[in-house]
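A.B. asks: Next up, query20.tsv (TSV, C-alpha atoms).
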chain	number	residue	atom	x	y	z
A	1321	MET	CA	-166.40	75.18	14.49
A	1322	HIS	CA	-164.98	78.65	14.75
A	1323	ALA	CA	-165.18	80.25	18.18
A	1324	ARG	CA	-164.25	83.57	19.68
A	1325	VAL	CA	-163.32	84.15	23.26
A	1326	LEU	CA	-163.26	87.61	24.75
A	1327	VAL	CA	-161.17	88.08	27.87
A	1328	ARG	CA	-161.36	91.30	29.84
A	1329	PRO	CA	-160.16	92.62	33.20
A	1330	LYS	CA	-162.81	92.08	35.87
A	1331	ALA	CA	-164.69	95.14	37.11
A	1332	GLY	CA	-162.61	96.83	39.76
A	1333	ILE	CA	-159.31	95.50	38.46
A	1334	LEU	CA	-156.96	98.24	37.33
A	1335	ASP	CA	-156.42	98.38	33.57
A	1336	PRO	CA	-153.37	100.58	32.93
A	1337	GLN	CA	-153.34	99.72	29.23
A	1338	GLY	CA	-156.93	100.92	28.88
A	1339	ALA	CA	-156.17	104.07	30.87
A	1340	ALA	CA	-153.19	104.81	28.60
A	1341	ALA	CA	-155.29	104.32	25.47
A	1342	GLU	CA	-157.97	106.63	26.88
A	1343	ARG	CA	-155.42	109.39	27.53
A	1344	ALA	CA	-153.86	108.90	24.11
A	1345	LEU	CA	-157.25	109.13	22.38
A	1346	ALA	CA	-157.96	112.39	24.21
A	1347	ALA	CA	-154.50	113.70	23.26
A	1348	LEU	CA	-155.26	112.91	19.61
A	1349	GLY	CA	-158.40	115.03	19.84
A	1350	PHE	CA	-161.05	112.35	20.15
A	1351	ALA	CA	-163.66	113.76	22.54
A	1352	GLY	CA	-166.42	111.87	24.31
A	1353	VAL	CA	-164.44	108.70	24.92
A	1354	GLY	CA	-164.50	107.04	28.31
A	1355	ASP	CA	-164.19	103.83	30.25
A	1356	VAL	CA	-161.68	102.26	27.87
A	1357	ARG	CA	-160.81	98.69	28.82
A	1358	ILE	CA	-158.40	96.49	26.94
A	1359	GLY	CA	-158.54	92.74	26.94
A	1360	ARG	CA	-157.76	89.84	24.64
A	1361	LEU	CA	-159.50	88.28	21.69
A	1362	ILE	CA	-158.84	84.59	21.09
A	1363	GLU	CA	-160.12	83.03	17.89
A	1364	LEU	CA	-159.83	79.34	17.28
A	1365	GLU	CA	-161.17	76.31	15.49
A	1366	VAL	CA	-162.46	73.73	17.91
A	1367	THR	CA	-164.17	70.42	17.27
A	1368	ASP	CA	-165.82	70.27	20.70
A	1369	PRO	CA	-167.02	73.71	21.83
A	1370	ALA	CA	-168.12	72.24	25.17
A	1371	THR	CA	-164.46	72.24	26.20
A	1372	LEU	CA	-164.08	76.00	25.72
A	1373	PRO	CA	-164.98	77.03	29.30
A	1374	GLN	CA	-162.35	74.63	30.62
A	1375	MET	CA	-159.76	76.00	28.18
A	1376	CYS	CA	-160.54	79.48	29.46
A	1377	GLU	CA	-160.27	78.48	33.10
A	1378	ARG	CA	-157.03	76.60	32.63
A	1379	LEU	CA	-155.12	78.63	30.06
A	1380	LEU	CA	-156.78	81.37	28.08
A	1381	ALA	CA	-157.87	83.61	30.95
A	1382	ASN	CA	-156.70	84.25	34.48
A	1383	PRO	CA	-159.89	83.73	36.51
A	1384	LEU	CA	-158.48	85.70	39.43
A	1385	ILE	CA	-158.43	88.97	37.55
A	1386	GLU	CA	-160.17	88.33	34.24
A	1387	GLU	CA	-163.57	87.30	33.03
A	1388	TYR	CA	-164.24	85.60	29.73
A	1389	GLU	CA	-167.10	85.45	27.29
A	1390	ILE	CA	-167.48	82.81	24.60
A	1391	LEU	CA	-169.00	83.84	21.29
A	1392	ASP	CA	-169.95	81.46	18.51
A	1393	GLY	CA	-168.94	81.99	14.94
B	1254	MET	CA	-172.86	104.19	23.58
B	1255	HIS	CA	-170.85	101.12	24.43
B	1256	ALA	CA	-168.65	99.77	21.63
B	1257	ARG	CA	-166.34	96.83	21.20
B	1258	VAL	CA	-163.42	96.73	18.85
B	1259	LEU	CA	-161.76	93.45	17.92
B	1260	VAL	CA	-158.21	93.68	16.63
B	1261	ARG	CA	-156.51	90.64	15.14
B	1262	PRO	CA	-153.36	89.86	13.19
B	1263	LYS	CA	-154.01	90.00	9.44
B	1264	ALA	CA	-154.11	86.71	7.56
B	1265	GLY	CA	-150.58	85.69	6.70
B	1266	ILE	CA	-149.02	87.61	9.58
B	1267	LEU	CA	-147.24	85.36	12.06
B	1268	ASP	CA	-148.95	85.10	15.43
B	1269	PRO	CA	-146.44	83.58	17.87
B	1270	GLN	CA	-148.75	84.17	20.84
B	1271	GLY	CA	-151.51	82.18	19.13
B	1272	ALA	CA	-149.07	79.43	18.18
B	1273	ALA	CA	-147.88	79.19	21.79
B	1274	ALA	CA	-151.45	78.99	23.09
B	1275	GLU	CA	-152.22	76.26	20.56
B	1276	ARG	CA	-149.25	74.17	21.69
B	1277	ALA	CA	-150.12	74.76	25.34
B	1278	LEU	CA	-153.73	73.65	24.82
B	1279	ALA	CA	-152.51	70.46	23.14
B	1280	ALA	CA	-150.07	69.88	26.01
B	1281	LEU	CA	-152.95	70.23	28.47
B	1282	GLY	CA	-154.81	67.49	26.62
B	1283	PHE	CA	-157.31	69.55	24.65
B	1284	ALA	CA	-157.67	67.78	21.30
B	1285	GLY	CA	-159.21	69.15	18.13
B	1286	VAL	CA	-158.02	72.70	18.56
B	1287	GLY	CA	-156.46	74.55	15.66
B	1288	ASP	CA	-155.79	77.87	14.03
B	1289	VAL	CA	-155.54	79.78	17.30
B	1290	ARG	CA	-155.09	83.49	16.78
B	1291	ILE	CA	-154.75	86.04	19.55
B	1292	GLY	CA	-155.67	89.66	19.22
B	1293	ARG	CA	-157.00	92.48	21.35
B	1294	LEU	CA	-160.41	93.41	22.63
B	1295	ILE	CA	-161.04	97.11	23.25
B	1296	GLU	CA	-164.25	98.13	24.99
B	1297	LEU	CA	-165.16	101.75	25.40
B	1298	GLU	CA	-167.92	104.28	25.84
B	1299	VAL	CA	-168.09	106.69	22.95
B	1300	THR	CA	-170.52	109.50	22.25
B	1301	ASP	CA	-169.89	109.53	18.50
B	1302	PRO	CA	-169.42	105.99	17.14
B	1303	ALA	CA	-168.68	107.42	13.68
B	1304	THR	CA	-165.20	108.28	14.95
B	1305	LEU	CA	-164.37	104.67	15.81
B	1306	PRO	CA	-162.77	103.72	12.47
B	1307	GLN	CA	-160.47	106.72	12.75
B	1308	MET	CA	-159.54	105.79	16.34
B	1309	CYS	CA	-158.66	102.31	15.09
B	1310	GLU	CA	-156.56	103.60	12.20
B	1311	ARG	CA	-154.69	106.09	14.33
B	1312	LEU	CA	-154.25	104.37	17.67
B	1313	LEU	CA	-156.09	101.18	18.51
B	1314	ALA	CA	-154.80	98.98	15.70
B	1315	ASN	CA	-151.70	98.86	13.55
B	1316	PRO	CA	-153.18	98.80	10.04
B	1317	LEU	CA	-149.94	97.41	8.59
B	1318	ILE	CA	-150.28	94.09	10.36
B	1319	GLU	CA	-153.69	94.10	12.04
B	1320	GLU	CA	-157.29	94.28	10.98
B	1321	TYR	CA	-160.09	95.55	13.16
B	1322	GLU	CA	-163.78	94.92	13.49
B	1323	ILE	CA	-166.20	97.23	15.26
B	1324	LEU	CA	-169.10	95.65	17.15
B	1325	ASP	CA	-171.95	97.60	18.69
B	1326	GLY	CA	-173.11	97.05	22.19
Could you rewrite the structure in this file as structure tokens?

C.D. replies:
Amino acid sequence: MHARVLVRPKAGILDPQGAAAERALAALGFAGVGDVRIGRLIELEVTDPATLPQMCERLLANPLIEEYEILDG
Amino acid sequence: MHARVLVRPKAGILDPQGAAAERALAALGFAGVGDVRIGRLIELEVTDPATLPQMCERLLANPLIEEYEILDG
């Protein structure tokens, strides 16, 4: 099956990439944009989706500073 | 409103990061994993969601090599 994993910086963890994107959007004239956070999207085909949390803990995310969310399909 | 943007390499574009993750998962003993692709997740608060496609075209994605998908909520 196809799976998507979203990995994002935990709340409270600095996200300089998101802050830079937010400033750049404002500089381009986009108003009303805030709280920009940048993380990773991992898409994969997996035969046993039950192993996904373990993959996230061991490789795909850094549990110290990131949280992950597994989406089907 | 809260919005999520998923940015991924277009089909046919090499994704060395995804290939490395795929090899690493196999090396860790995860079987049945394939077609790993790694992209970006951008989460933001935006007052006018109609401007999101333009933000993607101009800053958040590189339309030459990446495609984007806008998710609500």

A.B. asks: Taking into account only C-alpha atoms, which residue in the set B:Ala1274, B:Leu1267, B:Val1299, B:Ala1256 is nearest to chain A?

C.D. replies: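 Distance minimum relative to chain A lands on B:Val1299.
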
A.B. asks: Mind dumping a table of every chain B residue within 6 Å of chain A, with the nearest atom pair and its distance in Å to one decimal, using all atoms listed in the file, sorted by chain and rising number, as a tab-separated table?

C.D. replies:
residue	atom	partner	partner_atom	distance
B:Gly1285	CA	A:Thr1367	CA	5.2
B:Val1286	CA	A:Val1366	CA	4.6
B:Gly1287	CA	A:Glu1365	CA	5.0
B:Asp1288	CA	A:Leu1364	CA	5.4
B:Val1289	CA	A:Leu1364	CA	4.3
B:Arg1290	CA	A:Glu1363	CA	5.2
B:Ile1291	CA	A:Ile1362	CA	4.6
B:Gly1292	CA	A:Leu1361	CA	4.8
B:Arg1293	CA	A:Arg1360	CA	4.3
B:Leu1294	CA	A:Gly1359	CA	4.7
B:Ile1295	CA	A:Ile1358	CA	4.6
B:Glu1296	CA	A:Arg1357	CA	5.2
B:Leu1297	CA	A:Val1356	CA	4.3
B:Glu1298	CA	A:Gly1354	CA	5.0
B:Val1299	CA	A:Val1353	CA	4.6
B:Thr1300	CA	A:Gly1352	CA	5.2

A.B. asks: For those residues, write C-alpha atoms to a file as an mmCIF file, in the frame of the given file.

C.D. replies:
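Produced file part.cif, reproduced below:
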data_model
loop_
_atom_site.group_PDB
_atom_site.id
_atom_site.type_symbol
_atom_site.label_atom_id
_atom_site.label_comp_id
_atom_site.auth_asym_id
_atom_site.auth_seq_id
_atom_site.Cartn_x
_atom_site.Cartn_y
_atom_site.Cartn_z
ATOM 1 C CA GLY B 1285 -159.210 69.150 18.130
ATOM 2 C CA VAL B 1286 -158.020 72.700 18.560
ATOM 3 C CA GLY B 1287 -156.460 74.550 15.660
ATOM 4 C CA ASP B 1288 -155.790 77.870 14.030
ATOM 5 C CA VAL B 1289 -155.540 79.780 17.300
ATOM 6 C CA ARG B 1290 -155.090 83.490 16.780
ATOM 7 C CA ILE B 1291 -154.750 86.040 19.550
ATOM 8 C CA GLY B 1292 -155.670 89.660 19.220
ATOM 9 C CA ARG B 1293 -157.000 92.480 21.350
ATOM 10 C CA LEU B 1294 -160.410 93.410 22.630
ATOM 11 C CA ILE B 1295 -161.040 97.110 23.250
ATOM 12 C CA GLU B 1296 -164.250 98.130 24.990
ATOM 13 C CA LEU B 1297 -165.160 101.750 25.400
ATOM 14 C CA GLU B 1298 -167.920 104.280 25.840
ATOM 15 C CA VAL B 1299 -168.090 106.690 22.950
ATOM 16 C CA THR B 1300 -170.520 109.500 22.250
#

A.B. asks: Enter the distance from CA of Ile1266 (chain B) to CA of Ile1318 (chain B), in Å, rounded to one decimal.

C.D. replies: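 Taking CA of Ile1266 (chain B) as the start and CA of Ile1318 (chain B) as the end point, the length is 6.6 Å.
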
A.B. asks: So what do you get for CA of Glu1322 (chain B) versus CA of Lys1263 (chain B), distance-wise?

C.D. replies: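 Computing it gives 11.7 Å between the two atoms.
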
A.B. asks: What separation in Å, quoted to one decimal, exists between CA of Tyr1388 (chain A) and CA of Leu1324 (chain B)?

C.D. replies: 16.8 Å
